[in-house]
Structures are given as C-alpha cells and as structure tokens.
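Structure file structure.pdb with PDB, C-alpha atoms:
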ATOM      1  CA  MET K  85      79.857 -40.721-134.114
ATOM      2  CA  CYS K  86      77.554 -41.707-131.262
ATOM      3  CA  SER K  87      75.637 -44.954-131.978
ATOM      4  CA  PHE K  88      72.383 -43.300-130.860
ATOM      5  CA  MET K  89      72.694 -40.711-133.641
ATOM      6  CA  LYS K  90      73.617 -43.295-136.312
ATOM      7  CA  VAL K  91      70.678 -45.574-135.459
ATOM      8  CA  PHE K  92      68.364 -42.575-135.172
ATOM      9  CA  ALA K  93      69.417 -41.211-138.562
ATOM     10  CA  ARG K  94      68.934 -44.549-140.357
ATOM     11  CA  CYS K  95      65.529 -45.167-138.759
ATOM     12  CA  PHE K  96      64.394 -41.617-139.474
ATOM     13  CA  PHE K  97      65.304 -41.940-143.174
ATOM     14  CA  VAL K  98      63.658 -45.368-143.616
ATOM     15  CA  VAL K  99      60.445 -44.308-141.862
ATOM     16  CA  VAL K 100      60.163 -41.183-144.036
ATOM     17  CA  VAL K 101      60.553 -43.160-147.283
ATOM     18  CA  LEU K 102      58.173 -45.993-146.365
ATOM     19  CA  SER K 103      55.570 -43.704-144.867
ATOM     20  CA  CYS K 104      55.455 -41.439-147.889
ATOM     21  CA  TYR K 105      55.186 -44.431-150.255
ATOM     22  CA  ALA K 106      52.346 -45.997-148.295
ATOM     23  CA  GLY K 107      50.550 -42.685-147.964
ATOM     24  CA  CYS K 108      50.061 -42.292-151.728
ATOM     25  CA  GLN K 109      47.147 -44.748-151.659
ATOM     26  CA  GLN K 110      44.959 -42.843-149.149
ATOM     27  CA  PRO K 111      41.436 -41.847-150.343
ATOM     28  CA  PRO K 112      40.500 -38.155-150.508
ATOM     29  CA  PRO K 113      39.365 -36.715-147.146
ATOM     30  CA  THR K 114      35.968 -35.205-146.353
ATOM     31  CA  ALA K 115      37.504 -32.346-144.319
ATOM     32  CA  LEU K 116      40.767 -30.466-144.111
ATOM     33  CA  ARG K 117      42.572 -32.234-141.289
ATOM     34  CA  ILE K 118      45.246 -30.316-139.368
ATOM     35  CA  GLY K 119      47.451 -32.182-136.890
ATOM     36  CA  THR K 120      49.318 -30.792-133.888
ATOM     37  CA  ASN K 121      50.794 -31.885-130.604
ATOM     38  CA  VAL K 122      50.330 -29.866-127.400
ATOM     39  CA  TRP K 123      52.581 -26.791-127.561
ATOM     40  CA  PRO K 124      51.795 -23.107-126.855
ATOM     41  CA  GLY K 125      53.193 -22.185-130.260
ATOM     42  CA  TYR K 126      50.320 -24.067-131.918
ATOM     43  CA  GLU K 127      47.648 -23.089-129.413
ATOM     44  CA  PRO K 128      46.293 -20.054-131.342
ATOM     45  CA  LEU K 129      44.720 -22.567-133.744
ATOM     46  CA  TYR K 130      42.591 -23.942-130.908
ATOM     47  CA  LEU K 131      41.964 -20.476-129.489
ATOM     48  CA  ALA K 132      40.679 -19.419-132.917
ATOM     49  CA  LYS K 133      38.338 -22.401-132.924
ATOM     50  CA  ALA K 134      37.081 -21.594-129.409
ATOM     51  CA  GLN K 135      36.507 -17.958-130.407
ATOM     52  CA  GLY K 136      34.339 -19.011-133.355
ATOM     53  CA  TYR K 137      36.711 -17.886-136.111
ATOM     54  CA  TYR K 138      36.386 -21.284-137.798
ATOM     55  CA  LYS K 139      32.618 -21.538-137.481
ATOM     56  CA  ASN K 140      31.086 -23.330-140.491
ATOM     57  CA  LEU K 141      34.596 -23.994-141.810
ATOM     58  CA  HIS K 142      35.082 -27.585-142.949
ATOM     59  CA  VAL K 143      38.261 -28.130-140.952
ATOM     60  CA  ARG K 144      39.105 -30.661-138.253
ATOM     61  CA  PHE K 145      41.938 -30.370-135.746
ATOM     62  CA  VAL K 146      43.597 -33.606-134.672
ATOM     63  CA  GLU K 147      45.769 -33.580-131.568
ATOM     64  CA  TYR K 148      48.551 -36.130-131.027
ATOM     65  CA  PRO K 149      50.636 -36.838-127.900
ATOM     66  CA  SER K 150      53.953 -36.097-129.610
ATOM     67  CA  THR K 151      55.594 -34.544-132.661
ATOM     68  CA  ILE K 152      56.671 -37.925-133.985
ATOM     69  CA  GLU K 153      53.036 -39.054-134.158
ATOM     70  CA  VAL K 154      52.008 -35.863-135.970
ATOM     71  CA  LEU K 155      54.853 -36.445-138.415
ATOM     72  CA  ARG K 156      53.834 -40.060-138.991
ATOM     73  CA  ALA K 157      50.185 -39.140-139.624
ATOM     74  CA  PHE K 158      51.174 -36.373-142.038
ATOM     75  CA  LYS K 159      53.533 -38.617-144.002
ATOM     76  CA  ASN K 160      50.835 -41.295-144.214
ATOM     77  CA  ARG K 161      48.405 -38.732-145.697
ATOM     78  CA  ASN K 162      46.121 -39.059-142.673
ATOM     79  CA  LEU K 163      46.454 -35.268-142.445
ATOM     80  CA  GLU K 164      46.376 -32.586-145.118
ATOM     81  CA  ALA K 165      48.233 -30.110-142.904
ATOM     82  CA  ALA K 166      50.379 -30.251-139.784
ATOM     83  CA  ALA K 167      52.215 -27.966-137.385
ATOM     84  CA  LEU K 168      55.827 -29.160-137.244
ATOM     85  CA  PRO K 169      59.312 -27.973-136.244
ATOM     86  CA  LEU K 170      61.388 -26.744-139.171
ATOM     87  CA  ASP K 171      63.980 -29.491-138.838
ATOM     88  CA  GLU K 172      61.258 -32.133-139.246
ATOM     89  CA  VAL K 173      60.097 -30.344-142.397
ATOM     90  CA  ILE K 174      63.658 -30.499-143.748
ATOM     91  CA  GLY K 175      63.622 -34.250-143.215
ATOM     92  CA  LEU K 176      60.363 -34.463-145.162
ATOM     93  CA  CYS K 177      61.615 -32.502-148.153
ATOM     94  CA  ARG K 178      63.885 -35.162-149.582
ATOM     95  CA  SER K 179      61.367 -38.015-149.745
ATOM     96  CA  CYS K 180      58.109 -36.005-149.702
ATOM     97  CA  PRO K 181      58.948 -33.015-151.911
ATOM     98  CA  ASP K 182      55.314 -31.938-152.287
ATOM     99  CA  VAL K 183      55.126 -30.219-148.877
ATOM    100  CA  LYS K 184      54.729 -26.442-148.593
ATOM    101  CA  ILE K 185      55.181 -24.120-145.612
ATOM    102  CA  ILE K 186      52.260 -21.666-145.580
ATOM    103  CA  LEU K 187      52.693 -20.095-142.117
ATOM    104  CA  VAL K 188      55.483 -19.609-139.578
ATOM    105  CA  THR K 189      53.675 -20.183-136.290
ATOM    106  CA  ASP K 190      56.403 -19.435-133.761
ATOM    107  CA  ILE K 191      60.093 -18.940-133.104
ATOM    108  CA  SER K 192      61.337 -20.438-129.857
ATOM    109  CA  HIS K 193      63.195 -17.942-127.680
ATOM    110  CA  GLY K 194      63.349 -19.836-124.406
ATOM    111  CA  GLY K 195      60.401 -22.167-124.968
ATOM    112  CA  ASP K 196      62.581 -25.236-125.613
ATOM    113  CA  VAL K 197      64.726 -26.141-122.620
ATOM    114  CA  ILE K 198      66.830 -28.611-120.714
ATOM    115  CA  ILE K 199      65.478 -29.139-117.191
ATOM    116  CA  ALA K 200      67.840 -30.860-114.730
ATOM    117  CA  GLN K 201      67.374 -32.500-111.352
ATOM    118  CA  GLN K 202      68.276 -30.568-108.219
ATOM    119  CA  GLY K 203      72.025 -30.389-107.721
ATOM    120  CA  ILE K 204      72.799 -30.029-111.434
ATOM    121  CA  GLU K 205      73.518 -26.371-112.096
ATOM    122  CA  SER K 206      74.903 -26.264-115.640
ATOM    123  CA  VAL K 207      75.145 -28.089-118.953
ATOM    124  CA  GLU K 208      78.757 -28.971-118.151
ATOM    125  CA  GLU K 209      77.504 -30.925-115.121
ATOM    126  CA  LEU K 210      75.500 -33.217-117.421
ATOM    127  CA  ARG K 211      78.693 -35.091-118.260
ATOM    128  CA  GLY K 212      77.989 -38.800-117.699
ATOM    129  CA  LYS K 213      74.337 -38.103-116.869
ATOM    130  CA  ARG K 214      71.088 -39.573-118.288
ATOM    131  CA  ILE K 215      69.078 -37.184-120.472
ATOM    132  CA  ALA K 216      65.524 -37.821-121.673
ATOM    133  CA  VAL K 217      65.175 -36.906-125.341
ATOM    134  CA  GLU K 218      62.287 -37.504-127.735
ATOM    135  CA  SER K 219      63.264 -39.818-130.603
ATOM    136  CA  TYR K 220      62.837 -37.347-133.421
ATOM    137  CA  ALA K 221      65.003 -34.825-135.205
ATOM    138  CA  LEU K 222      64.301 -31.753-133.058
ATOM    139  CA  GLY K 223      65.168 -33.519-129.799
ATOM    140  CA  ALA K 224      68.422 -34.824-131.248
ATOM    141  CA  TYR K 225      69.209 -31.446-132.825
ATOM    142  CA  PHE K 226      68.519 -29.506-129.633
ATOM    143  CA  ILE K 227      70.627 -31.666-127.311
ATOM    144  CA  SER K 228      73.450 -31.744-129.900
ATOM    145  CA  ARG K 229      73.490 -27.951-130.131
ATOM    146  CA  ALA K 230      73.227 -27.458-126.363
ATOM    147  CA  LEU K 231      76.240 -29.688-125.802
ATOM    148  CA  GLU K 232      78.155 -28.097-128.676
ATOM    149  CA  VAL K 233      77.582 -24.584-127.300
ATOM    150  CA  HIS K 234      79.099 -25.725-124.001
ATOM    151  CA  GLY K 235      82.078 -27.550-125.480
ATOM    152  CA  MET K 236      80.688 -31.070-125.211
ATOM    153  CA  ASN K 237      79.232 -33.708-127.514
ATOM    154  CA  LEU K 238      76.877 -36.685-127.405
ATOM    155  CA  ARG K 239      79.625 -39.040-126.262
ATOM    156  CA  ASP K 240      79.709 -37.122-122.979
ATOM    157  CA  VAL K 241      76.138 -38.029-121.963
ATOM    158  CA  SER K 242      73.729 -40.950-121.924
ATOM    159  CA  ILE K 243      70.626 -40.433-124.077
ATOM    160  CA  VAL K 244      67.359 -41.970-122.812
ATOM    161  CA  PRO K 245      64.772 -41.971-125.643
ATOM    162  CA  LEU K 246      61.397 -41.001-124.140
ATOM    163  CA  GLU K 247      58.255 -39.384-125.529
ATOM    164  CA  VAL K 248      57.546 -35.970-124.039
ATOM    165  CA  ASP K 249      54.490 -37.214-122.120
ATOM    166  CA  GLU K 250      56.806 -39.623-120.279
ATOM    167  CA  HIS K 251      59.271 -36.954-119.125
ATOM    168  CA  LYS K 252      57.568 -35.944-115.875
ATOM    169  CA  GLU K 253      57.145 -39.492-114.584
ATOM    170  CA  ALA K 254      60.724 -40.427-115.463
ATOM    171  CA  PHE K 255      61.914 -37.232-113.781
ATOM    172  CA  LEU K 256      59.940 -37.899-110.588
ATOM    173  CA  GLN K 257      61.099 -41.516-110.436
ATOM    174  CA  ASP K 258      64.739 -40.364-110.822
ATOM    175  CA  ARG K 259      65.166 -42.470-113.972
ATOM    176  CA  VAL K 260      66.731 -39.491-115.747
ATOM    177  CA  ASP K 261      68.977 -36.661-114.600
ATOM    178  CA  ALA K 262      67.622 -34.137-117.090
ATOM    179  CA  ALA K 263      65.118 -33.774-119.918
ATOM    180  CA  VAL K 264      65.041 -31.948-123.235
ATOM    181  CA  THR K 265      61.488 -30.640-123.155
ATOM    182  CA  PHE K 266      59.111 -27.724-123.716
ATOM    183  CA  GLU K 267      55.832 -26.258-122.486
ATOM    184  CA  PRO K 268      53.643 -27.334-120.814
ATOM    185  CA  ILE K 269      56.017 -30.040-119.488
ATOM    186  CA  ARG K 270      58.629 -27.377-118.724
ATOM    187  CA  THR K 271      56.344 -25.706-116.169
ATOM    188  CA  LYS K 272      55.434 -29.054-114.621
ATOM    189  CA  LEU K 273      59.077 -30.084-114.152
ATOM    190  CA  LEU K 274      59.973 -26.719-112.654
ATOM    191  CA  ALA K 275      57.060 -27.112-110.229
ATOM    192  CA  VAL K 276      58.537 -30.371-108.872
ATOM    193  CA  GLY K 277      61.978 -28.892-108.274
ATOM    194  CA  GLY K 278      63.653 -29.067-111.684
ATOM    195  CA  LYS K 279      66.171 -26.412-112.751
ATOM    196  CA  GLU K 280      66.397 -24.889-116.212
ATOM    197  CA  ILE K 281      70.033 -25.056-117.330
ATOM    198  CA  PHE K 282      69.706 -24.373-121.077
ATOM    199  CA  SER K 283      67.105 -22.830-123.371
ATOM    200  CA  SER K 284      66.640 -21.870-126.992
ATOM    201  CA  ARG K 285      67.591 -18.288-126.022
ATOM    202  CA  GLU K 286      71.199 -19.493-126.346
ATOM    203  CA  ILE K 287      70.610 -20.500-129.977
ATOM    204  CA  PRO K 288      68.307 -17.656-131.154
ATOM    205  CA  GLY K 289      66.333 -18.194-134.346
ATOM    206  CA  GLU K 290      67.260 -21.868-134.692
ATOM    207  CA  ILE K 291      64.055 -23.479-133.395
ATOM    208  CA  VAL K 292      61.155 -22.517-135.665
ATOM    209  CA  ASP K 293      57.717 -24.080-136.092
ATOM    210  CA  ALA K 294      55.551 -23.915-139.193
ATOM    211  CA  LEU K 295      52.235 -25.004-140.660
ATOM    212  CA  VAL K 296      52.846 -27.301-143.623
ATOM    213  CA  VAL K 297      50.435 -28.637-146.235
ATOM    214  CA  HIS K 298      50.645 -31.382-148.854
ATOM    215  CA  GLU K 299      50.679 -29.676-152.248
ATOM    216  CA  GLU K 300      47.826 -31.857-153.497
ATOM    217  CA  ALA K 301      45.614 -30.331-150.786
ATOM    218  CA  LEU K 302      46.406 -26.720-151.694
ATOM    219  CA  GLU K 303      44.375 -26.143-154.853
ATOM    220  CA  GLY K 304      41.039 -27.464-153.623
ATOM    221  CA  ASN K 305      41.321 -25.749-150.233
ATOM    222  CA  GLN K 306      42.663 -22.277-151.056
ATOM    223  CA  ASN K 307      39.864 -20.289-149.438
ATOM    224  CA  MET K 308      39.757 -22.589-146.443
ATOM    225  CA  LEU K 309      43.503 -22.295-145.843
ATOM    226  CA  LYS K 310      43.308 -18.507-146.103
ATOM    227  CA  LYS K 311      40.526 -18.499-143.498
ATOM    228  CA  VAL K 312      42.506 -20.835-141.221
ATOM    229  CA  ILE K 313      45.479 -18.467-141.340
ATOM    230  CA  GLN K 314      43.312 -15.366-140.877
ATOM    231  CA  GLY K 315      41.718 -17.038-137.855
ATOM    232  CA  TRP K 316      45.203 -17.727-136.524
ATOM    233  CA  PHE K 317      46.163 -14.048-136.723
ATOM    234  CA  ASN K 318      42.824 -13.066-135.135
ATOM    235  CA  ALA K 319      43.570 -15.390-132.208
ATOM    236  CA  VAL K 320      47.109 -14.013-131.834
ATOM    237  CA  ALA K 321      45.594 -10.516-131.716
ATOM    238  CA  ASP K 322      43.194 -11.677-128.984
ATOM    239  CA  LEU K 323      46.136 -13.031-127.018
ATOM    240  CA  GLU K 324      47.867  -9.654-127.274
ATOM    241  CA  LYS K 325      44.816  -7.454-126.584
ATOM    242  CA  LYS K 326      42.921  -9.654-124.103
ATOM    243  CA  PRO K 327      45.625 -11.880-122.607
ATOM    244  CA  ARG K 328      43.729 -12.864-119.448
ATOM    245  CA  GLU K 329      40.650 -13.986-121.336
ATOM    246  CA  ALA K 330      42.684 -15.847-123.936
ATOM    247  CA  ALA K 331      44.870 -17.531-121.297
ATOM    248  CA  ALA K 332      41.787 -18.712-119.391
ATOM    249  CA  ILE K 333      40.585 -20.493-122.541
ATOM    250  CA  MET K 334      43.980 -21.995-123.403
ATOM    251  CA  SER K 335      44.739 -23.157-119.863
ATOM    252  CA  LYS K 336      42.024 -25.809-120.078
ATOM    253  CA  ARG K 337      43.738 -27.561-122.972
ATOM    254  CA  LEU K 338      47.309 -26.985-121.837
ATOM    255  CA  LYS K 339      46.422 -28.094-118.286
ATOM    256  CA  ILE K 340      48.401 -25.295-116.643
ATOM    257  CA  THR K 341      47.143 -22.128-114.947
ATOM    258  CA  PRO K 342      46.320 -18.969-116.940
ATOM    259  CA  ASN K 343      49.343 -17.246-115.381
ATOM    260  CA  GLU K 344      51.551 -20.142-116.473
ATOM    261  CA  VAL K 345      50.071 -19.933-119.978
ATOM    262  CA  LEU K 346      51.035 -16.273-120.235
ATOM    263  CA  ALA K 347      54.496 -17.012-118.813
ATOM    264  CA  SER K 348      55.023 -19.699-121.458
ATOM    265  CA  TYR K 349      54.701 -17.074-124.192
ATOM    266  CA  ASP K 350      57.654 -15.200-122.729
ATOM    267  CA  GLY K 351      59.754 -17.875-124.436
ATOM    268  CA  LEU K 352      58.057 -17.571-127.834
ATOM    269  CA  ILE K 353      57.896 -15.125-130.702
ATOM    270  CA  LEU K 354      54.669 -15.316-132.728
ATOM    271  CA  PRO K 355      55.462 -13.648-136.083
ATOM    272  CA  GLY K 356      52.726 -11.400-137.451
ATOM    273  CA  ALA K 357      51.499 -11.264-141.033
ATOM    274  CA  ASP K 358      54.180  -8.792-142.139
ATOM    275  CA  GLU K 359      56.945 -10.882-140.609
ATOM    276  CA  ASN K 360      55.505 -14.014-142.219
ATOM    277  CA  HIS K 361      55.561 -12.301-145.623
ATOM    278  CA  ARG K 362      59.202 -11.365-145.035
ATOM    279  CA  MET K 363      60.137 -14.913-144.019
ATOM    280  CA  LEU K 364      58.166 -16.736-146.708
ATOM    281  CA  GLY K 365      58.188 -14.213-149.564
ATOM    282  CA  LYS K 366      60.004 -14.531-152.860
ATOM    283  CA  LYS K 367      61.817 -11.200-152.518
ATOM    284  CA  ASP K 368      63.409 -12.020-149.190
ATOM    285  CA  GLY K 369      62.532 -15.496-147.953
ATOM    286  CA  THR K 370      64.653 -15.158-144.829
ATOM    287  CA  LEU K 371      63.472 -18.567-143.670
ATOM    288  CA  TYR K 372      65.803 -20.064-146.287
ATOM    289  CA  GLY K 373      68.692 -18.951-144.093
ATOM    290  CA  ASN K 374      67.276 -20.994-141.207
ATOM    291  CA  LEU K 375      66.772 -23.968-143.510
ATOM    292  CA  ALA K 376      70.372 -23.821-144.760
ATOM    293  CA  ARG K 377      71.803 -23.559-141.230
ATOM    294  CA  LEU K 378      69.633 -26.362-139.869
ATOM    295  CA  SER K 379      70.500 -28.578-142.818
ATOM    296  CA  ARG K 380      74.239 -28.174-142.237
ATOM    297  CA  VAL K 381      73.904 -29.107-138.566
ATOM    298  CA  MET K 382      71.598 -32.050-139.310
ATOM    299  CA  ILE K 383      74.017 -33.431-141.908
ATOM    300  CA  LYS K 384      76.877 -32.990-139.435
ATOM    301  CA  TYR K 385      75.055 -35.112-136.849
ATOM    302  CA  ASN K 386      73.799 -37.736-139.343
ATOM    303  CA  LEU K 387      70.196 -36.569-138.967
ATOM    304  CA  LEU K 388      69.933 -36.055-142.714
ATOM    305  CA  GLU K 389      71.210 -38.109-145.637
ATOM    306  CA  GLY K 390      72.186 -35.839-148.494
ATOM    307  CA  GLU K 391      71.185 -32.282-149.303
ATOM    308  CA  PRO K 392      67.490 -31.493-148.684
ATOM    309  CA  LEU K 393      65.314 -30.235-151.518
ATOM    310  CA  TYR K 394      63.776 -27.145-149.958
ATOM    311  CA  GLN K 395      64.189 -24.577-152.753
ATOM    312  CA  ASN K 396      60.424 -24.510-153.504
ATOM    313  CA  LEU K 397      59.235 -25.138-149.970
ATOM    314  CA  LEU K 398      57.950 -21.665-149.048
ATOM    315  CA  THR K 399      54.791 -19.898-150.192
ATOM    316  CA  GLU K 400      53.154 -16.709-148.971
ATOM    317  CA  ARG K 401      50.024 -16.848-151.134
ATOM    318  CA  PHE K 402      47.737 -17.869-148.273
ATOM    319  CA  LEU K 403      48.792 -15.034-145.988
ATOM    320  CA  PRO K 404      46.501 -12.006-145.507
TER
END
Represent the structure contained in this file as structure tokens.
Amino acid sequence: MCSFMKVFARCFFVVVVLSCYAGCQQPPPTALRIGTNVWPGYEPLYLAKAQGYYKNLHVRFVEYPSTIEVLRAFKNRNLEAAALPLDEVIGLCRSCPDVKIILVTDISHGGDVIIAQQGIESVEELRGKRIAVESYALGAYFISRALEVHGMNLRDVSIVPLEVDEHKEAFLQDRVDAAVTFEPIRTKLLAVGGKEIFSSREIPGEIVDALVVHEEALEGNQNMLKKVIQGWFNAVADLEKKPREAAAIMSKRLKITPNEVLASYDGLILPGADENHRMLGKKDGTLYGNLARLSRVMIKYNLLEGEPLYQNLLTERFLP
C-alpha cells in the first residue's frame, strides 16, 4: 500500500478523534453558523442570501479556503452546520456519530476533474508524473478511483499534497504535471492551457455533497433549518428560471465570468426537493447505497478504519 495513503489514513483518523473530543467543550453559539468552501455546488446558499431569502434569519455563513478547514471547524464545534463531500461525512460518522445529513446539495457529474499540463493526453500518461491532490479524503478517493478506472494505482504516480488554492500557482510554475481539482480552479487551469483528462462523469453518482448538522443543533433550530433549506431551493429555482441574473451575482464570489459560472453547472446535478426526499427518506434512502459503496472503497485504500456508523445519518424532516 502506498505510504502516502497509510500516513494520510492514520492522520485523518487521529485528527477526527482529537477534534471531536476537544469540540465538546465549546460554548453555545449566538447564531446558526454554516461553513463552506468555494464550490458551485454550495453557491445557492450565498445566492439565497443575496436574494434576501435569509433576511432576518439568525444565520451566519462562514467561508473557508478548503474542505479540510471546513471539516476541522465543524469537528471543533465552531460550526453548527457544514457543506461537505459525502466521503468526509463517512469519516465523521465513526468518531462523531451525532451528525445528520439534512440536504443533498449536489451530485458531481463532471465538476470534479484531473487537469493535466499540455502534452499529457490521458490518465495513462500520468505514469511517473507529479499530481497535486488536496490532503483530505475526497482528493485521495478521487485520484484512487481515476487510476483504478484506467488500470493503474497510486504506486504509478507521485502525489504532491497541495491545498486547492495552491493548484494554479503550482501548475503555472510547472511544479506539478496535473491536479485533482474542481470549479472555479478547473476553469482557471483550462484558461492557462491545461487539459481535462478525467472527470467525475466516469464515476457517475460517486461524488456527492451534503449539508450536515450536529444533532445537538437540530432541536433548537428546526424552523431556521427549514427556512435555510427552503431558501436553497428558491435560489436553485432562480438559477433555473433566471440563469443570467443568478450567474451575474454568483460570478462575483466565484471570481469567474457569468458564462463560466453557467458552464460550471454543466458538471453538476442539483437535486430538487422530491429527489432529496427519495435520497434521504426512510422508505427509500437511496443515499445509503452511495454510503455503502464509498465506505468499501475508502476501507480498501486505508482511508477509513473499520465500518462507519451511518445507519442513522439521514433525515428528511427539514425538507419542504
């Protein structure tokens, strides 16, 4: 097993345990704090805020540079809620079993990618090359699956751990041959000559993002959470009905053009309320299939120690 994956798995497990233990002593917050990193799949939250759907709502959005920082803040109880990839939520379940998924925000269908330098035309040509990967579970999962799909493994490449906001500079300085990344960095790397050689379209349904909440924050914030989710669906409707207006608002935060904003959603599926009920509901709960598949792959690559405890993870009671 690649030493990168072994070290990563041990560090990931230790950080989860220590962070959750330390977080138990945090005082109660004065507002519902929701953490995200910059990603089009989470952007309807900020669009809803800009459109006034959260007016007079005691909620505060906290933006972090990377997923790993969102994860750390959530585990430390510096956030009541967070938007996170499903594989990160699986990692939380074992040592922080109080978390609940209350909304599926997006399913990546081309939004997560590998961008390579000019002259590299395929995943197979990454053999022996340097690949920038964020040091958290999704980055490790994605590169592992991309290589597996193309008959390779982690021993065939050289992993360069880099936060996503470092990808463009490393790419321009030729310190890496490729990067596992996502919007808006994807668009920026393509603009400087990068080539997309793999995307989540090749592993459909495997990369899912969700809004998670600490169980202790659920009871006292039921109405607020329902309004947050309703505002989310209102913003998604605005994006569908008035795409140009919505993209103009979102482009300021994403720091890409409105046309590039709209193009970024070509690689995402934003499930509606009915689909969320189907994925999170007791009768069907189709998200459990994703959780089981992700868990098997994460255990295979030493990203997870033991079976995760996700049987009571899903709830649909805050959905409209």
Give as a compact mmCIF listing (two decimals) with C-alpha atoms, in the coordinates of the input every residue, naming chains and numbers as the document does, that has an atom within 10 Å of (56.9, -20.6, -125.3), counting only C-alpha atoms.
# COMPACT_ATOMS: atom_id res chain seq x y z
CA TRP K 123 52.58 -26.79 -127.56
CA PRO K 124 51.80 -23.11 -126.86
CA GLY K 125 53.19 -22.18 -130.26
CA TYR K 126 50.32 -24.07 -131.92
CA ASP K 190 56.40 -19.43 -133.76
CA ILE K 191 60.09 -18.94 -133.10
CA SER K 192 61.34 -20.44 -129.86
CA HIS K 193 63.20 -17.94 -127.68
CA GLY K 194 63.35 -19.84 -124.41
CA GLY K 195 60.40 -22.17 -124.97
CA ASP K 196 62.58 -25.24 -125.61
CA VAL K 197 64.73 -26.14 -122.62
CA PHE K 266 59.11 -27.72 -123.72
CA GLU K 267 55.83 -26.26 -122.49
CA PRO K 268 53.64 -27.33 -120.81
CA ARG K 270 58.63 -27.38 -118.72
CA SER K 284 66.64 -21.87 -126.99
CA VAL K 345 50.07 -19.93 -119.98
CA LEU K 346 51.04 -16.27 -120.24
CA ALA K 347 54.50 -17.01 -118.81
CA SER K 348 55.02 -19.70 -121.46
CA TYR K 349 54.70 -17.07 -124.19
CA ASP K 350 57.65 -15.20 -122.73
CA GLY K 351 59.75 -17.88 -124.44
CA LEU K 352 58.06 -17.57 -127.83
CA ILE K 353 57.90 -15.12 -130.70
CA LEU K 354 54.67 -15.32 -132.73
(message) Evaluated on this file, the PyMOL selection byres ((chain K and resi 259) around 12) picks out some residues - which ones are they, written as a PyMOL selection string?
(response) chain K and resi 200-201+213-216+242-246+250-258+260-263
Just the residues within 12 Å of Gly223 (chain K), please, counting all atoms listed in the file, with nothing from its chain fewer than 2 positions along; format it as a CSV table (one decimal) with C-alpha atoms, in the frame of the given file.
chain,number,residue,atom,x,y,z
K,89,MET,CA,72.7,-40.7,-133.6
K,92,PHE,CA,68.4,-42.6,-135.2
K,150,SER,CA,54.0,-36.1,-129.6
K,151,THR,CA,55.6,-34.5,-132.7
K,152,ILE,CA,56.7,-37.9,-134.0
K,169,PRO,CA,59.3,-28.0,-136.2
K,171,ASP,CA,64.0,-29.5,-138.8
K,172,GLU,CA,61.3,-32.1,-139.2
K,196,ASP,CA,62.6,-25.2,-125.6
K,197,VAL,CA,64.7,-26.1,-122.6
K,198,ILE,CA,66.8,-28.6,-120.7
K,215,ILE,CA,69.1,-37.2,-120.5
K,216,ALA,CA,65.5,-37.8,-121.7
K,217,VAL,CA,65.2,-36.9,-125.3
K,218,GLU,CA,62.3,-37.5,-127.7
K,219,SER,CA,63.3,-39.8,-130.6
K,220,TYR,CA,62.8,-37.3,-133.4
K,221,ALA,CA,65.0,-34.8,-135.2
K,225,TYR,CA,69.2,-31.4,-132.8
K,226,PHE,CA,68.5,-29.5,-129.6
K,227,ILE,CA,70.6,-31.7,-127.3
K,228,SER,CA,73.4,-31.7,-129.9
K,229,ARG,CA,73.5,-28.0,-130.1
K,230,ALA,CA,73.2,-27.5,-126.4
K,243,ILE,CA,70.6,-40.4,-124.1
K,244,VAL,CA,67.4,-42.0,-122.8
K,245,PRO,CA,64.8,-42.0,-125.6
K,246,LEU,CA,61.4,-41.0,-124.1
K,247,GLU,CA,58.3,-39.4,-125.5
K,248,VAL,CA,57.5,-36.0,-124.0
K,263,ALA,CA,65.1,-33.8,-119.9
K,264,VAL,CA,65.0,-31.9,-123.2
K,265,THR,CA,61.5,-30.6,-123.2
K,266,PHE,CA,59.1,-27.7,-123.7
K,291,ILE,CA,64.1,-23.5,-133.4
K,382,MET,CA,71.6,-32.0,-139.3
K,387,LEU,CA,70.2,-36.6,-139.0
Show me, as AutoDock Vina command-line options, the centre and edge lengths in Å to one decimal of the axis-aligned box that covers every listed atom of region 326-342 of chain K with 6 Å on each side.
--center_x 44.5 --center_y -18.9 --center_z -119.5 --size_x 19.8 --size_y 30.4 --size_z 21.2
(message) Can you translate the PyMOL selection byres ((chain K and resi 293-300) around 6) into the concrete residues it hits in this file, as a ChimeraX atom specification?
(response) /K:164-170,182-190,292,301-302
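Using all atoms listed in the file, the smallest distance between any of K:Gln306, K:Asn318, K:Gln202, K:Ser335 and Phe402 (chain K) comes from K:Gln306.
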(message) Ranking K:Leu323, K:Val122, K:Leu273, K:Met363 by minimum distance to Lys336 (chain K) and counting only C-alpha atoms, which one comes first?
(response) K:Val122
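Between CA of Val241 (chain K) and CA of Val381 (chain K) the separation is 19.0 Å.
Once Glu127 (chain K) and its same-chain neighbours fewer than 4 positions away are set aside, Val122, Trp123, Leu131, Ala132, Met334, Arg337 and Leu338 of chain K remain within 9 Å of it when counting only C-alpha atoms.
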(request) Could you check which of K:Lys310, K:His142, K:Ala157, K:Ile281 is closest to Glu208 (chain K), using all atoms listed in the file? (result) K:Ile281
(request) Place a sphere of radius 7 Å on (47.5, -17.8, -133.8) in the file coordinates and name every protein, DNA or RNA residue with an atom inside or on its surface, counting only C-alpha atoms; give the answer as a PyMOL selection string. (result) chain K and resi 127-129+316-320
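Residue nearest Gln314 (chain K) within the list K:Ile118, K:Leu403, K:Leu141, K:Leu163: K:Leu403 [criterion: smallest interatomic distance, all atoms listed in the file].
Excluding Arg362 (chain K) itself and any same-chain residue fewer than 2 positions from it, the protein and nucleic acid residues within 12 Å of it, counting only C-alpha atoms, are K:Leu187, K:Val188, K:Pro355, K:Gly356, K:Ala357, K:Asp358, K:Glu359, K:Asn360, K:Leu364, K:Gly365, K:Lys366, K:Lys367, K:Asp368, K:Gly369, K:Thr370, K:Leu371, K:Tyr372, K:Leu398, K:Thr399, K:Glu400, K:Leu403.
Of note, CA of Leu231 (chain K) and CA of Glu290 (chain K) are spaced 14.9 Å apart.
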(message) Using Å and a single decimal, report how far CA of His361 (chain K) sits from CA of Ala376 (chain K).
(response) 18.8 Å
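If you measure from each of K:Ser379, K:Ser206, K:Gln395, K:Asn307 to Ser283 (chain K) using only C-alpha atoms, the closest one turns out to be K:Ser206.
Using all atoms listed in the file, the smallest distance between any of K:Pro392, K:Gly203, K:Gly304, K:Gly212 and Gly278 (chain K) comes from K:Gly203.
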